[in-house]
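First comes the structure, then the notes that go with it.
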Amino acid sequence: MLDHVGTVPGRYYSKQPDGRIRCEVCPRYCQLNDGQRGLCFIRQREGEQMVLTSYGRSSGFCIDPIEKKPLNHFHPGTPILSFGTAGCNLTCKFCQNHDMSKSREMDTLADSAPPRMLAETAQRLGCVSMAYTYNDPVIFLEYAVDTAIACHEAGVKNVAVTAGYICAEPRAEFYRYMDAANVDLKAFTEDFYRKVTGSALEPVKETLDYLVNETDVWVEITTLLIPGENDSEAEIEEMTQWVVGTLGPDLPMHFTAFHPDFRMLDKDRTPPDTLFRARSIALKNGVRHAYVGNIHHKPAQSTYCSGCGAMVIGRDWHLLSDWHLDHRGCCTFCDTPLPGRFAGPPGDWGRRRERVRMQASG
């Protein structure tokens, strides 16, 4: 682990017959001459190696409620220290963090914190978890992994908020240190992924399959429904049937509302009825825990027992309003276990969002 801020040697690349270096962190496989950066912007070729240029540098640090990630079945009500860097390996036309993810200015990375400082800060501030978010953490893999190791040493859990667009070998290393992940399943057609995100669906499905069926990482899925793009009943039917068949009925799904942003300013906001329809389709197809997001609707944002149907976690935006789980995470009405990661009583962080400035301990 490095106590360092700046540029560090990267991993997962190979020399090509034409002399270029191929980055093998994500399926984009950028092939670079000396001095060139990958599409993600923060991975660059220097001489005969790949380097990460943003190690220990962030676009900012905030304490969020865990429900904002969103994770509804992972230590509810607790605070999570969140950070990201510049750049991204996708080119989503609807990006809602484009000031960071599309940044090509290293000045965006105004805050600095090597891994141990981050872990110590999370511990000092009482954060249960660290979130690697805002842009996709797979592109700053070396920084994220070292921070995750430091967090585990400090008793802090790790959460990845990601599009899941990563190759198999780095995926295994990255998720070895993650306790939970919210994966953006942005649509369920290759056409959408190619035209709107500049990536591909199949590697994301492979990541989800790997996480759920080959690791102990707690996983939830988010799909931002964009009018006329990925919100048809047929697509939601196919997506939710695949989720239940491949990932199982206990994986929570979040259907969230789009608002016009970045290069999709011509699209309308998502009508609430679209979200409710998607949730209904998911429940019909066997998804036991389906939620709506980016709108205020307590009934569709709360959690219900799959055994007796009682509300076991009530949510008013990101504020917990009801709690009917025992210390084991089982329904207090019928004793059915709720899938997820629970540790006694819920947290009481509420809706707060607080900016954090890094400072060395001691």
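Going through the structure tokens in order, the chains are called A, B, and so on, while each chain numbers its residues from 1 and the ligands are numbered from 1 in the order shown.
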Inset, instruction - Identify, on the basis of only C-alpha atoms, every residue whose closest approach to Val161 (chain A) does not exceed 12 Å; exclude the query and any residue fewer than 3 positions from it along the same chain; express the result as a PyMOL selection string. - result: chain A and resi 66+68-71+82-84+130-138+144+158+164-165+175+178-185+218-222
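Every residue of region 116-148 of chain A found in strand (DSSP E) when DSSP is run on the backbone appears here: Ser129, Met130, Ala131 and Tyr132 of chain A.
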Legend entry - For CA of Gly314 (chain A) and CA of Asp216 (chain A), the interatomic separation in Å (one decimal): 26.1 Å
Inset, instruction - Tell me, as JSON, numbers by chain, which residues lie within 9 Å of Val128 (chain A), counting only C-alpha atoms; anything in the same chain fewer than 2 positions away does not count. - result: {"A": [75, 78, 79, 80, 81, 122, 123, 126, 130, 155, 156, 157, 158]}
Can you list every residue in region 91-289 of chain A that DSSP puts in helix (DSSP H, G or I), as an mmCIF file with N, CA, C and O atoms, in the first residue's frame?
```
data_model
loop_
_atom_site.group_PDB
_atom_site.id
_atom_site.type_symbol
_atom_site.label_atom_id
_atom_site.label_comp_id
_atom_site.auth_asym_id
_atom_site.auth_seq_id
_atom_site.Cartn_x
_atom_site.Cartn_y
_atom_site.Cartn_z
ATOM 1 N N HIS A 98 -21.562 14.452 -14.693
ATOM 2 C CA HIS A 98 -20.638 14.713 -15.790
ATOM 3 C C HIS A 98 -19.583 15.756 -15.450
ATOM 4 O O HIS A 98 -18.519 15.783 -16.083
ATOM 5 N N ASP A 99 -19.835 16.600 -14.455
ATOM 6 C CA ASP A 99 -18.811 17.570 -14.070
ATOM 7 C C ASP A 99 -17.558 16.878 -13.536
ATOM 8 O O ASP A 99 -16.451 17.403 -13.635
ATOM 9 N N MET A 100 -17.737 15.660 -12.992
ATOM 10 C CA MET A 100 -16.591 14.881 -12.514
ATOM 11 C C MET A 100 -16.203 13.805 -13.507
ATOM 12 O O MET A 100 -15.047 13.692 -13.909
ATOM 13 N N SER A 101 -17.171 12.989 -13.922
ATOM 14 C CA SER A 101 -16.842 11.828 -14.733
ATOM 15 C C SER A 101 -16.344 12.198 -16.127
ATOM 16 O O SER A 101 -15.574 11.454 -16.730
ATOM 17 N N MET A 106 -7.236 18.010 -14.399
ATOM 18 C CA MET A 106 -6.789 17.426 -13.150
ATOM 19 C C MET A 106 -7.084 18.346 -11.970
ATOM 20 O O MET A 106 -7.095 17.912 -10.816
ATOM 21 N N ASP A 107 -7.363 19.645 -12.228
ATOM 22 C CA ASP A 107 -7.728 20.539 -11.142
ATOM 23 C C ASP A 107 -9.046 20.121 -10.499
ATOM 24 O O ASP A 107 -9.367 20.553 -9.390
ATOM 25 N N THR A 108 -9.838 19.300 -11.215
ATOM 26 C CA THR A 108 -11.046 18.761 -10.610
ATOM 27 C C THR A 108 -10.707 17.980 -9.352
ATOM 28 O O THR A 108 -11.483 17.918 -8.405
ATOM 29 N N PRO A 115 -4.645 6.273 0.980
ATOM 30 C CA PRO A 115 -5.592 5.287 1.509
ATOM 31 C C PRO A 115 -5.728 5.264 3.030
ATOM 32 O O PRO A 115 -6.850 5.248 3.554
ATOM 33 N N ARG A 116 -4.609 5.273 3.767
ATOM 34 C CA ARG A 116 -4.732 5.185 5.229
ATOM 35 C C ARG A 116 -5.433 6.405 5.815
ATOM 36 O O ARG A 116 -6.187 6.290 6.788
ATOM 37 N N MET A 117 -5.190 7.573 5.226
ATOM 38 C CA MET A 117 -5.871 8.771 5.710
ATOM 39 C C MET A 117 -7.373 8.662 5.488
ATOM 40 O O MET A 117 -8.177 9.041 6.349
ATOM 41 N N LEU A 118 -7.769 8.140 4.336
ATOM 42 C CA LEU A 118 -9.190 7.946 4.064
ATOM 43 C C LEU A 118 -9.818 6.997 5.072
ATOM 44 O O LEU A 118 -10.892 7.266 5.625
ATOM 45 N N ALA A 119 -9.165 5.871 5.312
ATOM 46 C CA ALA A 119 -9.696 4.882 6.251
ATOM 47 C C ALA A 119 -9.790 5.465 7.659
ATOM 48 O O ALA A 119 -10.795 5.275 8.368
ATOM 49 N N GLU A 120 -8.769 6.183 8.081
ATOM 50 C CA GLU A 120 -8.767 6.788 9.414
ATOM 51 C C GLU A 120 -9.871 7.837 9.538
ATOM 52 O O GLU A 120 -10.510 7.966 10.588
ATOM 53 N N THR A 121 -10.096 8.585 8.462
ATOM 54 C CA THR A 121 -11.143 9.599 8.487
ATOM 55 C C THR A 121 -12.518 8.957 8.610
ATOM 56 O O THR A 121 -13.361 9.410 9.394
ATOM 57 N N ALA A 122 -12.753 7.905 7.834
ATOM 58 C CA ALA A 122 -14.038 7.205 7.917
ATOM 59 C C ALA A 122 -14.270 6.665 9.320
ATOM 60 O O ALA A 122 -15.367 6.803 9.889
ATOM 61 N N GLN A 123 -13.243 6.078 9.897
ATOM 62 C CA GLN A 123 -13.353 5.530 11.253
ATOM 63 C C GLN A 123 -13.609 6.646 12.267
ATOM 64 O O GLN A 123 -14.493 6.542 13.121
ATOM 65 N N ARG A 124 -12.868 7.739 12.163
ATOM 66 C CA ARG A 124 -12.992 8.851 13.102
ATOM 67 C C ARG A 124 -14.380 9.488 13.054
ATOM 68 O O ARG A 124 -14.921 9.907 14.082
ATOM 69 N N PRO A 137 -15.408 3.423 -10.105
ATOM 70 C CA PRO A 137 -14.166 3.138 -9.392
ATOM 71 C C PRO A 137 -13.253 2.126 -10.062
ATOM 72 O O PRO A 137 -12.075 2.035 -9.688
ATOM 73 N N VAL A 138 -13.754 1.363 -11.035
ATOM 74 C CA VAL A 138 -12.858 0.389 -11.662
ATOM 75 C C VAL A 138 -11.694 1.076 -12.361
ATOM 76 O O VAL A 138 -10.612 0.499 -12.486
ATOM 77 N N ILE A 139 -11.874 2.339 -12.788
ATOM 78 C CA ILE A 139 -10.780 2.998 -13.507
ATOM 79 C C ILE A 139 -9.676 3.467 -12.571
ATOM 80 O O ILE A 139 -8.542 3.666 -12.999
ATOM 81 N N PHE A 140 -9.991 3.644 -11.273
ATOM 82 C CA PHE A 140 -8.919 3.949 -10.315
ATOM 83 C C PHE A 140 -8.693 2.752 -9.392
ATOM 84 O O PHE A 140 -8.520 2.864 -8.192
ATOM 85 N N LEU A 141 -8.647 1.583 -9.994
ATOM 86 C CA LEU A 141 -8.578 0.309 -9.294
ATOM 87 C C LEU A 141 -7.483 0.272 -8.237
ATOM 88 O O LEU A 141 -7.710 -0.148 -7.101
ATOM 89 N N GLU A 142 -6.277 0.694 -8.566
ATOM 90 C CA GLU A 142 -5.162 0.596 -7.619
ATOM 91 C C GLU A 142 -5.427 1.423 -6.361
ATOM 92 O O GLU A 142 -5.159 0.980 -5.239
ATOM 93 N N TYR A 143 -5.943 2.612 -6.535
ATOM 94 C CA TYR A 143 -6.286 3.494 -5.418
ATOM 95 C C TYR A 143 -7.439 2.899 -4.612
ATOM 96 O O TYR A 143 -7.415 2.868 -3.375
ATOM 97 N N ALA A 144 -8.461 2.405 -5.313
ATOM 98 C CA ALA A 144 -9.623 1.830 -4.627
ATOM 99 C C ALA A 144 -9.244 0.588 -3.829
ATOM 100 O O ALA A 144 -9.666 0.425 -2.676
ATOM 101 N N VAL A 145 -8.461 -0.289 -4.414
ATOM 102 C CA VAL A 145 -8.076 -1.522 -3.726
ATOM 103 C C VAL A 145 -7.246 -1.211 -2.483
ATOM 104 O O VAL A 145 -7.479 -1.754 -1.401
ATOM 105 N N ASP A 146 -6.271 -0.321 -2.605
ATOM 106 C CA ASP A 146 -5.441 0.015 -1.446
ATOM 107 C C ASP A 146 -6.280 0.675 -0.346
ATOM 108 O O ASP A 146 -6.083 0.416 0.851
ATOM 109 N N THR A 147 -7.215 1.524 -0.739
ATOM 110 C CA THR A 147 -8.091 2.151 0.249
ATOM 111 C C THR A 147 -8.985 1.114 0.907
ATOM 112 O O THR A 147 -9.210 1.149 2.126
ATOM 113 N N ALA A 148 -9.499 0.177 0.114
ATOM 114 C CA ALA A 148 -10.366 -0.869 0.662
ATOM 115 C C ALA A 148 -9.614 -1.736 1.674
ATOM 116 O O ALA A 148 -10.166 -2.115 2.708
ATOM 117 N N ILE A 149 -8.363 -2.049 1.386
ATOM 118 C CA ILE A 149 -7.550 -2.828 2.331
ATOM 119 C C ILE A 149 -7.371 -2.044 3.634
ATOM 120 O O ILE A 149 -7.537 -2.586 4.735
ATOM 121 N N ALA A 150 -7.040 -0.753 3.525
ATOM 122 C CA ALA A 150 -6.871 0.086 4.708
ATOM 123 C C ALA A 150 -8.176 0.190 5.493
ATOM 124 O O ALA A 150 -8.180 0.205 6.732
ATOM 125 N N CYS A 151 -9.299 0.270 4.773
ATOM 126 C CA CYS A 151 -10.594 0.352 5.453
ATOM 127 C C CYS A 151 -10.889 -0.916 6.243
ATOM 128 O O CYS A 151 -11.345 -0.848 7.395
ATOM 129 N N HIS A 152 -10.641 -2.066 5.658
ATOM 130 C CA HIS A 152 -10.871 -3.315 6.390
ATOM 131 C C HIS A 152 -9.995 -3.391 7.634
ATOM 132 O O HIS A 152 -10.434 -3.849 8.696
ATOM 133 N N GLU A 153 -8.769 -2.918 7.533
ATOM 134 C CA GLU A 153 -7.880 -2.900 8.695
ATOM 135 C C GLU A 153 -8.430 -1.990 9.790
ATOM 136 O O GLU A 153 -8.190 -2.230 10.980
ATOM 137 N N ALA A 168 -12.332 -9.716 -16.530
ATOM 138 C CA ALA A 168 -12.438 -10.765 -15.516
ATOM 139 C C ALA A 168 -11.328 -10.714 -14.470
ATOM 140 O O ALA A 168 -11.599 -10.810 -13.257
ATOM 141 N N GLU A 169 -10.064 -10.573 -14.884
ATOM 142 C CA GLU A 169 -8.971 -10.626 -13.911
ATOM 143 C C GLU A 169 -8.986 -9.432 -12.958
ATOM 144 O O GLU A 169 -8.943 -9.612 -11.731
ATOM 145 N N PRO A 170 -9.058 -8.197 -13.434
ATOM 146 C CA PRO A 170 -9.174 -7.075 -12.487
ATOM 147 C C PRO A 170 -10.462 -7.115 -11.677
ATOM 148 O O PRO A 170 -10.492 -6.679 -10.526
ATOM 149 N N ARG A 171 -11.517 -7.651 -12.260
ATOM 150 C CA ARG A 171 -12.777 -7.784 -11.518
ATOM 151 C C ARG A 171 -12.586 -8.625 -10.268
ATOM 152 O O ARG A 171 -13.047 -8.266 -9.167
ATOM 153 N N ALA A 172 -11.874 -9.732 -10.393
ATOM 154 C CA ALA A 172 -11.648 -10.604 -9.233
ATOM 155 C C ALA A 172 -10.852 -9.886 -8.157
ATOM 156 O O ALA A 172 -11.152 -10.008 -6.956
ATOM 157 N N GLU A 173 -9.832 -9.115 -8.548
ATOM 158 C CA GLU A 173 -9.051 -8.390 -7.554
ATOM 159 C C GLU A 173 -9.884 -7.285 -6.908
ATOM 160 O O GLU A 173 -9.895 -7.132 -5.681
ATOM 161 N N PHE A 174 -10.565 -6.506 -7.724
ATOM 162 C CA PHE A 174 -11.335 -5.367 -7.224
ATOM 163 C C PHE A 174 -12.375 -5.811 -6.200
ATOM 164 O O PHE A 174 -12.460 -5.263 -5.094
ATOM 165 N N TYR A 175 -13.159 -6.830 -6.530
ATOM 166 C CA TYR A 175 -14.269 -7.216 -5.664
ATOM 167 C C TYR A 175 -13.846 -8.098 -4.499
ATOM 168 O O TYR A 175 -14.644 -8.337 -3.584
ATOM 169 N N ARG A 176 -12.600 -8.538 -4.503
ATOM 170 C CA ARG A 176 -12.093 -9.293 -3.354
ATOM 171 C C ARG A 176 -12.176 -8.459 -2.079
ATOM 172 O O ARG A 176 -12.311 -8.993 -0.972
ATOM 173 N N GLU A 190 -28.262 -4.459 -26.241
ATOM 174 C CA GLU A 190 -26.924 -4.059 -26.692
ATOM 175 C C GLU A 190 -26.989 -2.736 -27.457
ATOM 176 O O GLU A 190 -26.049 -1.938 -27.416
ATOM 177 N N ASP A 191 -28.099 -2.489 -28.138
ATOM 178 C CA ASP A 191 -28.239 -1.258 -28.913
ATOM 179 C C ASP A 191 -28.159 -0.031 -28.008
ATOM 180 O O ASP A 191 -27.455 0.937 -28.319
ATOM 181 N N PHE A 192 -28.851 -0.058 -26.884
ATOM 182 C CA PHE A 192 -28.790 1.055 -25.938
ATOM 183 C C PHE A 192 -27.371 1.231 -25.413
ATOM 184 O O PHE A 192 -26.840 2.349 -25.380
ATOM 185 N N TYR A 193 -26.762 0.143 -24.989
ATOM 186 C CA TYR A 193 -25.411 0.248 -24.440
ATOM 187 C C TYR A 193 -24.445 0.842 -25.458
ATOM 188 O O TYR A 193 -23.626 1.708 -25.130
ATOM 189 N N ARG A 194 -24.532 0.401 -26.707
ATOM 190 C CA ARG A 194 -23.606 0.886 -27.738
ATOM 191 C C ARG A 194 -23.863 2.356 -28.063
ATOM 192 O O ARG A 194 -22.917 3.162 -28.098
ATOM 193 N N LYS A 195 -25.111 2.733 -28.280
ATOM 194 C CA LYS A 195 -25.426 4.088 -28.744
ATOM 195 C C LYS A 195 -25.424 5.129 -27.634
ATOM 196 O O LYS A 195 -25.050 6.281 -27.862
ATOM 197 N N VAL A 196 -25.837 4.744 -26.432
ATOM 198 C CA VAL A 196 -26.054 5.728 -25.373
ATOM 199 C C VAL A 196 -24.919 5.746 -24.348
ATOM 200 O O VAL A 196 -24.631 6.787 -23.759
ATOM 201 N N THR A 197 -24.240 4.609 -24.141
ATOM 202 C CA THR A 197 -23.187 4.546 -23.125
ATOM 203 C C THR A 197 -21.804 4.303 -23.711
ATOM 204 O O THR A 197 -20.812 4.412 -22.978
ATOM 205 N N LEU A 201 -23.455 -4.478 -23.127
ATOM 206 C CA LEU A 201 -24.259 -5.082 -22.077
ATOM 207 C C LEU A 201 -23.653 -6.380 -21.541
ATOM 208 O O LEU A 201 -23.650 -6.624 -20.330
ATOM 209 N N GLU A 202 -23.140 -7.222 -22.412
ATOM 210 C CA GLU A 202 -22.743 -8.574 -21.993
ATOM 211 C C GLU A 202 -21.712 -8.575 -20.869
ATOM 212 O O GLU A 202 -21.849 -9.355 -19.917
ATOM 213 N N PRO A 203 -20.660 -7.737 -20.903
ATOM 214 C CA PRO A 203 -19.721 -7.735 -19.774
ATOM 215 C C PRO A 203 -20.368 -7.338 -18.448
ATOM 216 O O PRO A 203 -19.942 -7.807 -17.383
ATOM 217 N N VAL A 204 -21.376 -6.493 -18.490
ATOM 218 C CA VAL A 204 -22.083 -6.106 -17.269
ATOM 219 C C VAL A 204 -22.860 -7.295 -16.714
ATOM 220 O O VAL A 204 -22.857 -7.553 -15.506
ATOM 221 N N LYS A 205 -23.520 -8.038 -17.589
ATOM 222 C CA LYS A 205 -24.218 -9.249 -17.157
ATOM 223 C C LYS A 205 -23.243 -10.249 -16.561
ATOM 224 O O LYS A 205 -23.540 -10.907 -15.551
ATOM 225 N N GLU A 206 -22.058 -10.347 -17.164
ATOM 226 C CA GLU A 206 -21.040 -11.269 -16.633
ATOM 227 C C GLU A 206 -20.589 -10.831 -15.244
ATOM 228 O O GLU A 206 -20.389 -11.680 -14.357
ATOM 229 N N THR A 207 -20.434 -9.529 -15.043
ATOM 230 C CA THR A 207 -20.048 -9.025 -13.727
ATOM 231 C C THR A 207 -21.119 -9.347 -12.693
ATOM 232 O O THR A 207 -20.816 -9.807 -11.585
ATOM 233 N N LEU A 208 -22.370 -9.109 -13.028
ATOM 234 C CA LEU A 208 -23.458 -9.406 -12.093
ATOM 235 C C LEU A 208 -23.520 -10.892 -11.764
ATOM 236 O O LEU A 208 -23.661 -11.275 -10.585
ATOM 237 N N ASP A 209 -23.403 -11.735 -12.765
ATOM 238 C CA ASP A 209 -23.409 -13.183 -12.560
ATOM 239 C C ASP A 209 -22.259 -13.582 -11.637
ATOM 240 O O ASP A 209 -22.426 -14.357 -10.681
ATOM 241 N N TYR A 210 -21.080 -13.034 -11.894
ATOM 242 C CA TYR A 210 -19.913 -13.331 -11.071
ATOM 243 C C TYR A 210 -20.140 -12.895 -9.622
ATOM 244 O O TYR A 210 -19.898 -13.658 -8.677
ATOM 245 N N LEU A 211 -20.589 -11.671 -9.423
ATOM 246 C CA LEU A 211 -20.753 -11.147 -8.071
ATOM 247 C C LEU A 211 -21.755 -11.957 -7.258
ATOM 248 O O LEU A 211 -21.503 -12.304 -6.098
ATOM 249 N N VAL A 212 -22.901 -12.250 -7.857
ATOM 250 C CA VAL A 212 -23.964 -12.918 -7.118
ATOM 251 C C VAL A 212 -23.667 -14.396 -6.899
ATOM 252 O O VAL A 212 -23.923 -14.945 -5.820
ATOM 253 N N ASN A 213 -23.093 -15.041 -7.894
ATOM 254 C CA ASN A 213 -22.949 -16.495 -7.845
ATOM 255 C C ASN A 213 -21.562 -16.995 -7.472
ATOM 256 O O ASN A 213 -21.391 -18.188 -7.201
ATOM 257 N N GLU A 214 -20.563 -16.088 -7.417
ATOM 258 C CA GLU A 214 -19.205 -16.539 -7.106
ATOM 259 C C GLU A 214 -18.529 -15.756 -5.989
ATOM 260 O O GLU A 214 -17.373 -16.035 -5.669
ATOM 261 N N GLU A 233 -42.230 -1.938 -21.685
ATOM 262 C CA GLU A 233 -42.649 -3.091 -20.884
ATOM 263 C C GLU A 233 -41.905 -4.349 -21.313
ATOM 264 O O GLU A 233 -41.510 -5.163 -20.470
ATOM 265 N N ALA A 234 -41.679 -4.508 -22.611
ATOM 266 C CA ALA A 234 -40.995 -5.703 -23.106
ATOM 267 C C ALA A 234 -39.574 -5.786 -22.561
ATOM 268 O O ALA A 234 -39.107 -6.867 -22.158
ATOM 269 N N GLU A 235 -38.877 -4.649 -22.532
ATOM 270 C CA GLU A 235 -37.499 -4.659 -22.034
ATOM 271 C C GLU A 235 -37.450 -4.929 -20.537
ATOM 272 O O GLU A 235 -36.589 -5.680 -20.061
ATOM 273 N N ILE A 236 -38.363 -4.322 -19.773
ATOM 274 C CA ILE A 236 -38.398 -4.556 -18.335
ATOM 275 C C ILE A 236 -38.782 -6.010 -18.044
ATOM 276 O O ILE A 236 -38.248 -6.638 -17.123
ATOM 277 N N GLU A 237 -39.681 -6.561 -18.834
ATOM 278 C CA GLU A 237 -40.024 -7.984 -18.695
ATOM 279 C C GLU A 237 -38.775 -8.852 -18.870
ATOM 280 O O GLU A 237 -38.479 -9.720 -18.039
ATOM 281 N N GLU A 238 -38.040 -8.618 -19.949
ATOM 282 C CA GLU A 238 -36.867 -9.443 -20.232
ATOM 283 C C GLU A 238 -35.795 -9.263 -19.156
ATOM 284 O O GLU A 238 -35.181 -10.234 -18.702
ATOM 285 N N MET A 239 -35.571 -8.029 -18.748
ATOM 286 C CA MET A 239 -34.554 -7.751 -17.738
ATOM 287 C C MET A 239 -34.876 -8.452 -16.421
ATOM 288 O O MET A 239 -34.020 -9.128 -15.824
ATOM 289 N N THR A 240 -36.095 -8.284 -15.944
ATOM 290 C CA THR A 240 -36.438 -8.827 -14.634
ATOM 291 C C THR A 240 -36.513 -10.354 -14.653
ATOM 292 O O THR A 240 -36.173 -11.008 -13.659
ATOM 293 N N GLN A 241 -36.934 -10.926 -15.766
ATOM 294 C CA GLN A 241 -36.907 -12.385 -15.880
ATOM 295 C C GLN A 241 -35.475 -12.911 -15.841
ATOM 296 O O GLN A 241 -35.190 -13.934 -15.211
ATOM 297 N N TRP A 242 -34.557 -12.196 -16.480
ATOM 298 C CA TRP A 242 -33.142 -12.601 -16.432
ATOM 299 C C TRP A 242 -32.596 -12.477 -15.013
ATOM 300 O O TRP A 242 -31.871 -13.358 -14.543
ATOM 301 N N VAL A 243 -32.930 -11.388 -14.332
ATOM 302 C CA VAL A 243 -32.451 -11.200 -12.964
ATOM 303 C C VAL A 243 -32.897 -12.361 -12.083
ATOM 304 O O VAL A 243 -32.087 -12.966 -11.363
ATOM 305 N N VAL A 244 -34.163 -12.699 -12.118
ATOM 306 C CA VAL A 244 -34.669 -13.780 -11.267
ATOM 307 C C VAL A 244 -34.044 -15.114 -11.670
ATOM 308 O O VAL A 244 -33.621 -15.906 -10.816
ATOM 309 N N GLY A 245 -33.944 -15.363 -12.973
ATOM 310 C CA GLY A 245 -33.430 -16.644 -13.432
ATOM 311 C C GLY A 245 -31.947 -16.831 -13.204
ATOM 312 O O GLY A 245 -31.488 -17.941 -12.916
ATOM 313 N N THR A 246 -31.164 -15.754 -13.317
ATOM 314 C CA THR A 246 -29.707 -15.856 -13.222
ATOM 315 C C THR A 246 -29.172 -15.437 -11.864
ATOM 316 O O THR A 246 -28.226 -16.044 -11.339
ATOM 317 N N LEU A 247 -29.770 -14.413 -11.271
ATOM 318 C CA LEU A 247 -29.252 -13.844 -10.034
ATOM 319 C C LEU A 247 -30.103 -14.189 -8.821
ATOM 320 O O LEU A 247 -29.650 -14.007 -7.687
ATOM 321 N N PRO A 272 -43.716 9.267 -12.968
ATOM 322 C CA PRO A 272 -43.780 8.291 -11.876
ATOM 323 C C PRO A 272 -44.460 6.985 -12.271
ATOM 324 O O PRO A 272 -44.048 5.907 -11.824
ATOM 325 N N ASP A 273 -45.474 7.064 -13.118
ATOM 326 C CA ASP A 273 -46.181 5.841 -13.516
ATOM 327 C C ASP A 273 -45.254 4.855 -14.219
ATOM 328 O O ASP A 273 -45.472 3.636 -14.139
ATOM 329 N N THR A 274 -44.236 5.354 -14.922
ATOM 330 C CA THR A 274 -43.269 4.461 -15.571
ATOM 331 C C THR A 274 -42.505 3.655 -14.525
ATOM 332 O O THR A 274 -42.273 2.450 -14.692
ATOM 333 N N LEU A 275 -42.124 4.308 -13.437
ATOM 334 C CA LEU A 275 -41.409 3.623 -12.366
ATOM 335 C C LEU A 275 -42.311 2.600 -11.683
ATOM 336 O O LEU A 275 -41.869 1.467 -11.402
ATOM 337 N N PHE A 276 -43.549 2.980 -11.419
ATOM 338 C CA PHE A 276 -44.466 2.057 -10.756
ATOM 339 C C PHE A 276 -44.747 0.845 -11.644
ATOM 340 O O PHE A 276 -44.859 -0.287 -11.148
ATOM 341 N N ARG A 277 -44.856 1.080 -12.960
ATOM 342 C CA ARG A 277 -45.094 -0.031 -13.883
ATOM 343 C C ARG A 277 -43.901 -0.988 -13.890
ATOM 344 O O ARG A 277 -44.077 -2.208 -13.840
ATOM 345 N N ALA A 278 -42.678 -0.442 -13.920
ATOM 346 C CA ALA A 278 -41.481 -1.288 -13.910
ATOM 347 C C ALA A 278 -41.416 -2.092 -12.614
ATOM 348 O O ALA A 278 -41.092 -3.288 -12.626
ATOM 349 N N ARG A 279 -41.723 -1.439 -11.499
ATOM 350 C CA ARG A 279 -41.710 -2.158 -10.212
ATOM 351 C C ARG A 279 -42.746 -3.278 -10.217
ATOM 352 O O ARG A 279 -42.468 -4.395 -9.738
ATOM 353 N N SER A 280 -43.921 -3.012 -10.748
ATOM 354 C CA SER A 280 -44.971 -4.036 -10.800
ATOM 355 C C SER A 280 -44.554 -5.222 -11.658
ATOM 356 O O SER A 280 -44.805 -6.385 -11.300
ATOM 357 N N ILE A 281 -43.912 -4.940 -12.789
ATOM 358 C CA ILE A 281 -43.437 -6.022 -13.654
ATOM 359 C C ILE A 281 -42.390 -6.863 -12.915
ATOM 360 O O ILE A 281 -42.407 -8.100 -12.968
ATOM 361 N N ALA A 282 -41.478 -6.194 -12.216
ATOM 362 C CA ALA A 282 -40.445 -6.917 -11.471
ATOM 363 C C ALA A 282 -41.070 -7.823 -10.413
ATOM 364 O O ALA A 282 -40.706 -9.007 -10.294
ATOM 365 N N LEU A 283 -42.012 -7.286 -9.652
ATOM 366 C CA LEU A 283 -42.651 -8.092 -8.615
ATOM 367 C C LEU A 283 -43.424 -9.259 -9.229
ATOM 368 O O LEU A 283 -43.382 -10.389 -8.714
ATOM 369 N N LYS A 284 -44.110 -9.010 -10.323
ATOM 370 C CA LYS A 284 -44.855 -10.075 -11.010
ATOM 371 C C LYS A 284 -43.934 -11.198 -11.448
ATOM 372 O O LYS A 284 -44.288 -12.390 -11.386
#
```
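Residues surrounding His296 (chain A) within 10 Å are Pro272, Arg315, Asp316, Trp317 and His318 of chain A [only C-alpha atoms; sequence separation below 6 positions excluded].
Separating CA of Cys167 (chain A) from CA of Val287 (chain A) is a distance of 27.6 Å.
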Legend entry - Atomic separation - CA of Gly56 (chain A) relative to CA of Val5 (chain A), Å: 4.5 Å
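Of the listed residues (A:Leu52, A:Cys330, A:Val25, A:Cys305), A:Leu52 comes nearest to Thr7 (chain A); the distances count only C-alpha atoms.
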Inset, instruction - Using only C-alpha atoms, find the one residue out of A:Ile21, A:Met50, A:Gly350, A:Phe94 that sits nearest to Met264 (chain A). - result: A:Phe94
